[in-house]
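Visitor: target01.csv is reproduced in full below (CSV, C-alpha atoms and all ligand atoms).
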chain,number,residue,atom,x,y,z
A,1,MET,CA,0.0,0.0,0.0
A,2,MET,CA,2.8,2.4,0.8
A,3,ASN,CA,4.2,2.0,-2.7
A,4,TRP,CA,0.8,2.8,-4.3
A,5,GLN,CA,0.2,5.8,-2.2
A,6,TRP,CA,3.7,7.1,-2.8
A,7,ILE,CA,3.2,6.6,-6.6
A,8,PHE,CA,-0.2,8.3,-6.3
A,9,PHE,CA,1.2,11.4,-4.6
A,10,GLU,CA,4.1,11.5,-6.9
A,11,ALA,CA,1.8,11.4,-9.9
A,12,LEU,CA,-0.4,14.0,-8.4
A,13,PHE,CA,2.5,16.3,-7.8
A,14,LEU,CA,3.7,15.7,-11.3
A,15,CYS,CA,0.3,16.5,-12.8
A,16,LEU,CA,-0.1,19.6,-10.8
A,17,LEU,CA,3.1,20.8,-12.3
A,18,ILE,CA,1.8,20.3,-15.8
A,19,SER,CA,-0.9,22.6,-16.9
A,20,GLY,CA,-4.2,21.2,-18.2
A,21,CYS,CA,-3.7,17.8,-16.6
A,22,GLN,CA,-6.5,18.0,-14.1
A,23,ARG,CA,-9.0,16.1,-16.3
A,24,THR,CA,-6.6,13.2,-16.5
A,25,LEU,CA,-6.7,13.0,-12.7
A,26,ASP,CA,-10.3,12.0,-12.7
A,27,PRO,CA,-9.6,8.2,-12.8
A,28,VAL,CA,-7.3,8.4,-9.9
A,29,PRO,CA,-9.9,7.9,-7.1
A,30,LEU,CA,-11.1,4.9,-9.1
A,31,THR,CA,-7.7,3.4,-9.1
A,32,VAL,CA,-7.8,3.4,-5.3
A,33,THR,CA,-11.2,1.8,-5.3
A,34,MET,CA,-9.9,-0.8,-7.7
A,35,THR,CA,-7.0,-1.7,-5.4
A,36,ALA,CA,-9.4,-2.1,-2.5
A,37,THR,CA,-11.7,-4.2,-4.6
A,38,ILE,CA,-8.9,-6.5,-5.6
A,39,GLN,CA,-8.1,-7.2,-1.9
A,40,ASP,CA,-11.7,-7.7,-0.9
A,41,VAL,CA,-12.4,-10.1,-3.7
A,42,LYS,CA,-9.2,-12.0,-3.3
A,43,SER,CA,-10.0,-12.7,0.4
A,44,SER,CA,-13.5,-14.0,-0.5
A,45,VAL,CA,-12.6,-16.0,-3.6
A,46,THR,CA,-12.1,-19.6,-3.0
A,47,PRO,CA,-8.9,-21.0,-4.3
A,48,GLU,CA,-10.7,-23.1,-6.9
A,49,LEU,CA,-12.1,-19.9,-8.5
A,50,VAL,CA,-8.8,-18.1,-8.8
A,51,PRO,CA,-7.5,-18.6,-12.3
A,52,PRO,CA,-4.4,-20.7,-12.1
A,53,GLY,CA,-1.2,-18.7,-12.2
A,54,ASN,CA,-2.7,-15.5,-10.9
A,55,SER,CA,-3.2,-16.5,-7.2
A,56,GLY,CA,-1.1,-14.5,-4.8
A,57,SER,CA,-0.3,-11.7,-7.3
A,58,ASP,CA,-1.4,-8.2,-6.8
A,59,GLU,CA,-1.2,-7.6,-10.5
A,60,ILE,CA,-4.4,-9.5,-11.3
A,61,GLU,CA,-6.6,-7.7,-13.7
A,62,LEU,CA,-9.9,-6.6,-12.1
A,63,SER,CA,-12.1,-8.1,-14.7
A,64,GLU,CA,-10.7,-11.6,-14.0
A,65,ILE,CA,-11.4,-11.3,-10.3
A,66,VAL,CA,-14.8,-9.6,-10.2
A,67,SER,CA,-16.3,-12.0,-12.7
A,68,PRO,CA,-14.4,-15.2,-12.3
A,69,GLU,CA,-15.1,-17.7,-15.0
A,70,PRO,CA,-16.4,-20.9,-13.5
A,71,VAL,CA,-13.8,-23.6,-13.9
A,72,PRO,CA,-15.5,-26.3,-15.9
A,73,ASP,CA,-15.5,-29.8,-14.5
A,74,ILE,CA,-12.7,-31.7,-16.3
A,75,VAL,CA,-13.8,-35.3,-16.7
A,76,GLU,CA,-10.8,-37.4,-17.2
A,77,PRO,CA,-11.3,-41.2,-17.4
A,78,ASP,CA,-9.2,-43.0,-14.8
A,79,VAL,CA,-9.3,-46.3,-16.7
A,80,VAL,CA,-9.0,-47.3,-20.3
A,81,THR,CA,-11.5,-49.8,-21.4
A,82,VAL,CA,-10.3,-52.4,-24.0
A,83,THR,CA,-13.3,-53.9,-25.7
A,84,PRO,CA,-12.9,-57.5,-26.8
A,85,GLU,CA,-14.4,-56.6,-30.2
A,86,ALA,CA,-11.0,-55.2,-31.1
A,87,THR,CA,-9.8,-58.6,-32.4
A,88,GLY,CA,-12.9,-59.1,-34.5
A,89,TYR,CA,-13.5,-62.6,-33.1
A,90,PRO,CA,-16.7,-63.4,-31.3
A,91,ASP,CA,-16.9,-64.7,-27.7
A,92,ALA,CA,-16.9,-68.5,-27.2
A,93,ARG,CA,-19.0,-70.6,-24.9
A,94,ILE,CA,-17.9,-74.2,-24.3
A,95,THR,CA,-20.1,-76.7,-22.5
A,96,ILE,CA,-18.7,-80.1,-21.6
A,97,ILE,CA,-21.5,-82.5,-22.4
A,98,TYR,CA,-19.8,-85.9,-22.0
A,99,ASP,CA,-16.9,-86.6,-19.6
A,100,ASN,CA,-15.6,-89.3,-17.2
A,101,THR,CA,-16.8,-87.1,-14.4
A,102,ALA,CA,-19.8,-85.0,-13.8
A,103,TYR,CA,-19.3,-81.4,-12.8
A,104,ASP,CA,-23.1,-80.9,-12.9
A,105,LYS,CA,-24.3,-83.8,-10.7
A,106,ARG,CA,-27.6,-84.1,-12.7
A,107,LEU,CA,-25.5,-85.4,-15.6
A,108,THR,CA,-24.3,-89.0,-16.2
A,109,PRO,CA,-20.5,-89.4,-16.1
A,110,VAL,CA,-19.3,-92.0,-18.7
A,111,TRP,CA,-15.7,-92.5,-20.0
A,112,GLY,CA,-15.5,-90.4,-23.2
A,113,PHE,CA,-15.6,-86.8,-24.3
A,114,ALA,CA,-17.9,-84.3,-26.1
A,115,ALA,CA,-18.1,-80.6,-25.9
A,116,LEU,CA,-20.5,-78.0,-27.4
A,117,VAL,CA,-18.9,-74.9,-28.9
A,118,GLU,CA,-21.1,-71.9,-29.3
A,119,TYR,CA,-19.2,-69.3,-31.3
A,120,GLY,CA,-21.2,-66.2,-32.3
A,121,ASP,CA,-24.2,-67.6,-34.1
A,122,PHE,CA,-22.4,-70.8,-34.9
A,123,VAL,CA,-23.0,-74.0,-32.8
A,124,MET,CA,-20.9,-77.1,-33.2
A,125,LEU,CA,-20.1,-80.3,-31.3
A,126,PHE,CA,-16.5,-81.5,-30.8
A,127,ASP,CA,-16.7,-85.3,-30.4
A,128,THR,CA,-19.8,-87.2,-29.5
A,129,GLY,CA,-18.8,-89.3,-26.4
A,130,GLY,CA,-19.1,-93.1,-26.2
A,131,ASP,CA,-22.9,-93.5,-26.7
A,132,ALA,CA,-25.8,-91.5,-28.0
A,133,THR,CA,-28.1,-92.2,-25.1
A,134,THR,CA,-25.9,-90.5,-22.6
A,135,LEU,CA,-25.0,-87.8,-25.0
A,136,LEU,CA,-28.6,-86.9,-25.8
A,137,ARG,CA,-29.8,-87.2,-22.2
A,138,ASN,CA,-27.0,-84.9,-20.9
A,139,MET,CA,-27.8,-82.5,-23.7
A,140,GLU,CA,-31.5,-82.5,-22.7
A,141,LEU,CA,-30.6,-81.8,-19.1
A,142,LEU,CA,-28.4,-78.9,-20.2
A,143,GLY,CA,-31.2,-77.5,-22.4
A,144,ILE,CA,-29.3,-78.0,-25.6
A,145,ASP,CA,-31.5,-78.7,-28.7
A,146,PRO,CA,-29.5,-81.1,-31.0
A,147,ALA,CA,-31.2,-79.3,-34.0
A,148,ARG,CA,-29.0,-76.3,-33.2
A,149,ILE,CA,-25.8,-78.2,-34.0
A,150,GLN,CA,-24.5,-77.1,-37.4
A,151,ALA,CA,-21.2,-79.1,-37.4
A,152,VAL,CA,-19.5,-82.0,-35.7
A,153,VAL,CA,-15.7,-82.3,-35.5
A,154,LEU,CA,-14.5,-85.9,-34.7
A,155,SER,CA,-11.1,-85.8,-33.1
A,156,HIS,CA,-10.1,-89.5,-33.7
A,157,ILE,CA,-11.5,-92.9,-34.4
A,158,HIS,CA,-11.8,-94.2,-30.8
A,159,GLY,CA,-15.2,-95.3,-29.6
A,160,ASP,CA,-15.3,-93.0,-26.6
A,161,HIS,CA,-15.2,-90.0,-29.1
A,162,ILE,CA,-17.3,-91.2,-32.1
A,163,GLY,CA,-19.7,-93.6,-30.2
A,164,GLY,CA,-22.6,-91.0,-30.1
A,165,MET,CA,-22.3,-89.9,-33.8
A,166,VAL,CA,-24.7,-92.2,-35.6
A,167,GLY,CA,-27.3,-92.0,-32.8
A,168,LEU,CA,-27.2,-88.2,-32.9
A,169,LEU,CA,-27.8,-88.3,-36.7
A,170,GLU,CA,-30.7,-90.7,-36.2
A,171,THR,CA,-32.5,-87.9,-34.4
A,172,GLY,CA,-32.8,-86.2,-37.8
A,173,VAL,CA,-30.2,-83.5,-37.4
A,174,GLN,CA,-27.9,-82.9,-40.3
A,175,PRO,CA,-24.7,-81.2,-39.2
A,176,THR,CA,-21.7,-81.2,-41.5
A,177,VAL,CA,-19.3,-83.8,-40.1
A,178,TYR,CA,-15.5,-83.1,-40.2
A,179,VAL,CA,-13.5,-86.4,-40.1
A,180,LEU,CA,-9.9,-87.4,-40.6
A,181,PRO,CA,-9.0,-88.7,-44.0
A,182,SER,CA,-7.6,-91.8,-42.3
A,183,PHE,CA,-11.0,-92.8,-40.8
A,184,ASN,CA,-12.0,-96.2,-42.2
A,185,ALA,CA,-14.3,-96.1,-45.3
A,186,SER,CA,-17.2,-97.9,-43.7
A,187,PHE,CA,-17.5,-95.3,-40.9
A,188,LYS,CA,-17.4,-92.5,-43.3
A,189,GLN,CA,-20.1,-94.2,-45.5
A,190,GLN,CA,-22.2,-94.6,-42.4
A,191,ILE,CA,-22.1,-90.8,-41.7
A,192,ALA,CA,-22.5,-89.9,-45.4
A,193,ALA,CA,-25.8,-91.8,-45.5
A,194,TYR,CA,-27.3,-89.1,-43.2
A,195,THR,CA,-25.4,-85.9,-43.9
A,196,SER,CA,-22.5,-84.2,-45.6
A,197,ILE,CA,-18.9,-85.1,-44.7
A,198,ILE,CA,-15.7,-83.3,-45.0
A,199,GLU,CA,-12.2,-84.8,-44.7
A,200,VAL,CA,-10.1,-82.2,-43.0
A,201,ILE,CA,-6.9,-80.6,-44.4
A,202,PRO,CA,-4.3,-78.8,-42.1
A,203,GLY,CA,-5.8,-75.5,-41.1
A,204,GLN,CA,-9.3,-76.6,-42.1
A,205,VAL,CA,-11.6,-73.6,-41.6
A,206,ILE,CA,-15.0,-74.6,-40.2
A,207,VAL,CA,-16.2,-71.0,-39.9
A,208,ASP,CA,-14.0,-67.9,-39.7
A,209,GLY,CA,-12.1,-68.3,-36.3
A,210,LEU,CA,-12.9,-72.0,-35.9
A,211,VAL,CA,-10.0,-74.0,-37.3
A,212,SER,CA,-8.9,-77.7,-37.3
A,213,THR,CA,-5.2,-78.5,-36.9
A,214,GLY,CA,-5.9,-81.2,-39.5
A,215,GLU,CA,-4.8,-84.8,-39.1
A,216,LEU,CA,-1.7,-84.9,-36.8
A,217,HIS,CA,0.4,-88.0,-37.1
A,218,SER,CA,3.0,-87.6,-34.4
A,219,GLY,CA,1.4,-90.4,-32.3
A,220,ILE,CA,0.3,-93.9,-33.0
A,221,ILE,CA,-3.3,-92.8,-33.4
A,222,PRO,CA,-3.9,-89.8,-35.8
A,223,GLU,CA,-6.0,-87.0,-34.4
A,224,GLN,CA,-7.2,-83.5,-35.0
A,225,ALA,CA,-7.7,-80.7,-32.4
A,226,LEU,CA,-9.9,-77.7,-32.7
A,227,VAL,CA,-8.7,-74.2,-32.4
A,228,VAL,CA,-11.2,-71.5,-31.4
A,229,GLU,CA,-9.9,-67.9,-31.9
A,230,THR,CA,-11.4,-65.6,-29.3
A,231,PRO,CA,-10.8,-62.0,-28.2
A,232,GLU,CA,-8.6,-63.4,-25.4
A,233,GLY,CA,-6.6,-65.7,-27.6
A,234,GLN,CA,-6.9,-69.3,-28.7
A,235,ILE,CA,-8.8,-72.1,-27.1
A,236,VAL,CA,-7.4,-75.4,-28.0
A,237,ILE,CA,-9.7,-78.4,-27.6
A,238,THR,CA,-8.3,-81.9,-27.7
A,239,GLY,CA,-10.0,-85.3,-27.6
A,240,CYS,CA,-7.4,-87.7,-26.3
A,241,ALA,CA,-4.2,-85.9,-27.4
A,242,HIS,CA,-2.7,-89.1,-28.8
A,243,PRO,CA,-0.2,-87.2,-31.0
A,244,GLY,CA,1.1,-85.6,-27.8
A,245,ILE,CA,-0.5,-82.6,-26.0
A,246,VAL,CA,2.6,-80.4,-26.5
A,247,GLU,CA,2.7,-81.3,-30.3
A,248,ILE,CA,-1.0,-80.3,-30.5
A,249,ILE,CA,-0.4,-77.0,-28.8
A,250,GLN,CA,2.5,-76.3,-31.1
A,251,ALA,CA,0.4,-77.1,-34.2
A,252,ALA,CA,-2.3,-74.8,-32.8
A,253,LYS,CA,0.2,-72.1,-32.3
A,254,ASP,CA,1.5,-72.5,-35.8
A,255,LEU,CA,-2.0,-71.7,-37.2
A,256,SER,CA,-2.0,-68.1,-36.0
A,257,GLY,CA,-0.1,-65.7,-34.0
A,258,SER,CA,-2.7,-65.6,-31.2
A,259,PRO,CA,-1.6,-66.4,-27.7
A,260,ILE,CA,-2.9,-69.6,-26.2
A,261,HIS,CA,-5.6,-68.7,-23.7
A,262,LEU,CA,-6.9,-72.1,-22.7
A,263,VAL,CA,-6.2,-75.7,-23.5
A,264,LEU,CA,-9.0,-78.1,-22.6
A,265,GLY,CA,-9.9,-81.8,-23.1
A,266,GLY,CA,-8.0,-85.1,-22.7
A,267,PHE,CA,-4.3,-84.6,-22.4
A,268,HIS,CA,-3.5,-88.4,-22.2
A,269,LEU,CA,-0.8,-88.4,-19.6
A,270,MET,CA,-2.0,-91.5,-17.6
A,271,ASP,CA,1.2,-93.4,-18.4
A,272,LYS,CA,3.6,-90.6,-17.9
A,273,SER,CA,6.0,-90.3,-14.9
A,274,THR,CA,5.8,-87.3,-12.6
A,275,LEU,CA,9.1,-86.2,-14.1
A,276,GLN,CA,7.7,-86.4,-17.6
A,277,ILE,CA,4.6,-84.5,-16.5
A,278,GLN,CA,6.8,-81.8,-14.9
A,279,GLU,CA,8.6,-81.4,-18.2
A,280,ILE,CA,5.3,-81.0,-20.0
A,281,LEU,CA,4.2,-78.4,-17.4
A,282,ALA,CA,7.4,-76.5,-18.1
A,283,THR,CA,6.6,-76.6,-21.8
A,284,PHE,CA,3.1,-75.3,-21.2
A,285,ARG,CA,4.6,-72.4,-19.4
A,286,ALA,CA,7.2,-71.9,-22.1
A,287,LEU,CA,4.4,-71.9,-24.7
A,288,GLU,CA,2.6,-69.3,-22.5
A,289,VAL,CA,-0.6,-71.3,-22.1
A,290,LYS,CA,-2.6,-69.1,-19.8
A,291,GLN,CA,-5.3,-71.5,-18.5
A,292,VAL,CA,-5.8,-75.3,-18.6
A,293,MET,CA,-8.7,-77.6,-18.2
A,294,PRO,CA,-7.2,-81.1,-18.3
A,295,THR,CA,-10.0,-83.7,-18.1
A,296,HIS,CA,-11.1,-87.1,-19.7
A,297,CYS,CA,-8.0,-89.2,-20.2
A,298,THR,CA,-5.5,-86.8,-18.7
A,299,GLY,CA,-5.0,-89.0,-15.6
A,300,GLU,CA,-5.5,-88.2,-11.9
A,301,VAL,CA,-1.9,-87.6,-11.1
A,302,ALA,CA,-1.4,-85.2,-14.1
A,303,ILE,CA,-4.7,-83.4,-13.3
A,304,LYS,CA,-3.5,-82.8,-9.7
A,305,MET,CA,-0.1,-81.5,-10.9
A,306,PHE,CA,-1.8,-79.2,-13.4
A,307,ALA,CA,-4.1,-77.9,-10.7
A,308,GLU,CA,-1.1,-77.2,-8.4
A,309,GLU,CA,1.0,-75.5,-11.1
A,310,TYR,CA,-1.8,-73.4,-12.5
A,311,GLY,CA,-3.7,-72.5,-9.3
A,312,MET,CA,-6.5,-70.1,-10.2
A,313,ASP,CA,-5.9,-70.7,-13.9
A,314,TYR,CA,-6.7,-74.4,-13.6
A,315,ILE,CA,-10.3,-75.1,-14.5
A,316,GLN,CA,-12.0,-78.3,-13.2
A,317,GLY,CA,-13.5,-80.3,-16.0
A,318,GLY,CA,-16.5,-82.7,-16.0
A,319,ALA,CA,-19.8,-83.0,-17.8
A,320,GLY,CA,-21.9,-79.8,-17.3
A,321,ARG,CA,-18.9,-77.4,-17.0
A,322,VAL,CA,-19.5,-74.3,-19.0
A,323,ILE,CA,-16.6,-71.9,-19.9
A,324,GLU,CA,-17.1,-68.5,-21.4
A,325,VAL,CA,-14.1,-66.7,-23.0
A,326,GLY,CA,-14.1,-63.2,-24.4
A,327,GLN,CA,-16.8,-61.5,-22.3
A,328,MET,CA,-14.4,-60.1,-19.7
A,329,VAL,CA,-13.6,-56.4,-20.2
A,330,THR,CA,-10.0,-55.6,-19.5
A,331,GLN,CA,-9.4,-52.5,-17.5
A,332,ILE,CA,-6.0,-50.9,-17.4
A,333,ASP,CA,-5.1,-48.3,-14.8
A,334,GLU,CA,-3.6,-45.3,-16.4
A,401,ZN,ZN,-8.4,-92.1,-27.8
A,402,ZN,ZN,-10.6,-90.7,-25.2
Please rewrite the model in this file as structure tokens.
Guide:
Amino acid sequence: MMNWQWIFFEALFLCLLISGCQRTLDPVPLTVTMTATIQDVKSSVTPELVPPGNSGSDEIELSEIVSPEPVPDIVEPDVVTVTPEATGYPDARITIIYDNTAYDKRLTPVWGFAALVEYGDFVMLFDTGGDATTLLRNMELLGIDPARIQAVVLSHIHGDHIGGMVGLLETGVQPTVYVLPSFNASFKQQIAAYTSIIEVIPGQVIVDGLVSTGELHSGIIPEQALVVETPEGQIVITGCAHPGIVEIIQAAKDLSGSPIHLVLGGFHLMDKSTLQIQEILATFRALEVKQVMPTHCTGEVAIKMFAEEYGMDYIQGGAGRVIEVGQMVTQIDE
């Protein structure tokens, strides 16, 4: 204040010395008022309303203080939402219909394997279990209408995987059946009497995003596995994994660059030592397999070891188990 008053009196004195300057002195009392106003407003203005950079300065222009512009609410998202649609693949829903064990206790457990794959609007069956009676009864209990099945992929020729095929076709449904070229001619003719049949080639596309590895020969029994591309990565579905579970995953990996999200089905490790299973587990980790659902012919010891190794990423199998992949929304903190 002392400086302002000093300047004021100095200016007044200077003006008085110069003739005709009285009219220019008219604003001077206003200047004093302005200074007072600045102080009053400053003391009553909340910090939020003081424009940034001007707080604490006596050189704030009056117009900014008297009519402070309301600071707009700045809405900044604190998370980034990654939508699964980014990959272009639909979500996948897999229901185990036929298995050695029953996850849903209403269902009948019988040695064998069958899984329903719902993929966008497409519905297909991977393997048919050992008999049509159990297959159809379990489907009925799960509320699955066989008429919805547009395709069947048969992993290999063993009875616990193809046993329900003809009985299913006898209900009048006509899915396209994908078989191995090596299947015996009489079985292929049996199916062809009801519906169309396709002998798979490596990378056989069933619909966009649903692909067969084709016939793998690295074991005694040739077999195909199904690869389901999802927004989270691949789901690899195996029947008995006779060519070797690691070989199957490698074949699936070679089909696309997608990460392996989940491997499920029979891993066929009943006759492996714990050391061999440990090596397989290490390979699963090296191949960056995120989740596992070893079931059917995997073997109790191996299932236990997979459960211990994978913890929360181990999924218990059994008839009636439903797995949905791709519906989770990933949230990343900024
Ligand atoms: Zn088998
Ligand atoms: Zn089997």
Visitor: Please identify every polymer residue within 7 Å of ligand ZN 402 (chain A), using all atoms listed in the file, and present the set as a ChimeraX atom specification.
Guide: /A:112-113,158,160-161,239-240,266,296-297
Visitor: To one decimal place in Å, what is the distance between CA of Ile245 (chain A) and CA of Val228 (chain A)?
Guide: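 Computed distance, CA of Ile245 (chain A) to CA of Val228 (chain A), equals 16.3 Å.
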Visitor: In terms of the shortest atom-to-atom distance over all atoms listed in the file, which of A:Gln250, A:Ser186, A:Thr108, A:Ser212 is closest to Phe126 (chain A)?
Guide: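 Answer, going by the shortest atom-to-atom distance: A:Ser212.
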Visitor: List as a PDB file with C-alpha atoms, in the frame of the given file the protein and nucleic acid residues near Ala102 (chain A), meaning an atom at most 8 Å away when all atoms listed in the file are counted, but skip any in the same chain fewer than 3 places from it.
Guide:
ATOM      1  CA  ASP A  99     -16.900 -86.600 -19.600  1.00  0.00           C
ATOM      2  CA  LYS A 105     -24.300 -83.800 -10.700  1.00  0.00           C
ATOM      3  CA  ARG A 106     -27.600 -84.100 -12.700  1.00  0.00           C
ATOM      4  CA  LEU A 107     -25.500 -85.400 -15.600  1.00  0.00           C
ATOM      5  CA  THR A 108     -24.300 -89.000 -16.200  1.00  0.00           C
ATOM      6  CA  PRO A 109     -20.500 -89.400 -16.100  1.00  0.00           C
ATOM      7  CA  GLY A 318     -16.500 -82.700 -16.000  1.00  0.00           C
ATOM      8  CA  ALA A 319     -19.800 -83.000 -17.800  1.00  0.00           C
ATOM      9  CA  GLY A 320     -21.900 -79.800 -17.300  1.00  0.00           C
TER      10      GLY A 320
END
Visitor: Determine the nearest neighbour of Ala241 (chain A) from the options A:Val227, A:Ala132, A:Val205, A:Leu264, counting only C-alpha atoms.
Guide: A:Leu264
Visitor: Show me which residues line ligand ZN 401 (chain A), defined as having an atom within 12 Å of a ligand atom where all atoms listed in the file count, and present them as a short mmCIF file (atom, residue, chain, number, x, y, z; two decimals) with C-alpha atoms, in the frame of the given file.
Guide:
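Writing done, so here's selection.cif:
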data_model
loop_
_atom_site.label_atom_id
_atom_site.label_comp_id
_atom_site.auth_asym_id
_atom_site.auth_seq_id
_atom_site.Cartn_x
_atom_site.Cartn_y
_atom_site.Cartn_z
CA TRP A 111 -15.70 -92.50 -20.00
CA GLY A 112 -15.50 -90.40 -23.20
CA PHE A 113 -15.60 -86.80 -24.30
CA ASP A 127 -16.70 -85.30 -30.40
CA GLY A 129 -18.80 -89.30 -26.40
CA GLY A 130 -19.10 -93.10 -26.20
CA LEU A 154 -14.50 -85.90 -34.70
CA SER A 155 -11.10 -85.80 -33.10
CA HIS A 156 -10.10 -89.50 -33.70
CA ILE A 157 -11.50 -92.90 -34.40
CA HIS A 158 -11.80 -94.20 -30.80
CA GLY A 159 -15.20 -95.30 -29.60
CA ASP A 160 -15.30 -93.00 -26.60
CA HIS A 161 -15.20 -90.00 -29.10
CA ILE A 162 -17.30 -91.20 -32.10
CA GLY A 163 -19.70 -93.60 -30.20
CA GLY A 219 1.40 -90.40 -32.30
CA ILE A 220 0.30 -93.90 -33.00
CA ILE A 221 -3.30 -92.80 -33.40
CA PRO A 222 -3.90 -89.80 -35.80
CA GLU A 223 -6.00 -87.00 -34.40
CA GLN A 224 -7.20 -83.50 -35.00
CA THR A 238 -8.30 -81.90 -27.70
CA GLY A 239 -10.00 -85.30 -27.60
CA CYS A 240 -7.40 -87.70 -26.30
CA ALA A 241 -4.20 -85.90 -27.40
CA HIS A 242 -2.70 -89.10 -28.80
CA PRO A 243 -0.20 -87.20 -31.00
CA GLY A 244 1.10 -85.60 -27.80
CA GLY A 265 -9.90 -81.80 -23.10
CA GLY A 266 -8.00 -85.10 -22.70
CA PHE A 267 -4.30 -84.60 -22.40
CA HIS A 268 -3.50 -88.40 -22.20
CA LEU A 269 -0.80 -88.40 -19.60
CA HIS A 296 -11.10 -87.10 -19.70
CA CYS A 297 -8.00 -89.20 -20.20
CA THR A 298 -5.50 -86.80 -18.70
#
Visitor: My list of candidates is A:Leu262, A:Ala252, A:Met165, A:Met312. Which is closest to Ile94 (chain A) when distances are computed with only C-alpha atoms?
Guide: A:Leu262
Visitor: CA of Val173 (chain A) and CA of Gly120 (chain A) are how many Å apart?
Guide: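 Going from CA of Val173 (chain A) over to CA of Gly120 (chain A) covers 20.2 Å.
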Visitor: Between A:Lys188, A:Arg137, A:Arg321, A:Lys290, which is the closest to Glu232 (chain A) once you count all atoms listed in the file?
Guide: A:Lys290
Visitor: Would you mind telling me which residue in A:Thr133, A:Gln150, A:Gln276, A:Gln189 lies nearest to Pro175 (chain A) when using all atoms listed in the file?
Guide: A:Gln150
Visitor: Let me have the centre and edge lengths of the axis-aligned box enclosing all listed atoms of region 207-226 of chain A with 8 Å padding on every side, in Å to one decimal, as lines of an AutoDock Vina configuration file.
Guide:
center_x = -6.6
center_y = -80.9
center_z = -36.1
size_x = 35.2
size_y = 42.0
size_z = 23.6
Visitor: Nearest to Ala115 (chain A): which of A:Val289, A:Leu275, A:Val322, A:Ile206 is it, counting only C-alpha atoms?
Guide: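 Counting only C-alpha atoms, the residue closest to Ala115 (chain A) is A:Val322.
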Visitor: Quick one: distance from CA of Gly167 (chain A) to CA of Leu142 (chain A) in Å, one decimal?
Guide: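 Interatomic distance here is 18.2 Å.
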Visitor: Can you pull out the residues contacting Gln174 (chain A)? Cut-off 7 Å, using only C-alpha atoms, and skip same-chain residues under 2 positions away; I want them as number ranges by chain.
Guide: A: 169, 172, 176, 194-195
Visitor: Go ahead and find all residues with at least one atom no further than 10 Å from (-18.3, -60.1, -32.4) in the file's coordinates, using all atoms listed in the file; report them as a list in words.
Guide: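 Taken together, the residues in range are Pro84, Glu85, Ala86, Thr87, Gly88, Tyr89, Pro90, Asp91, Ala92, Tyr119, Gly120, Asp121, Thr230, Pro231 and Gly326 of chain A.
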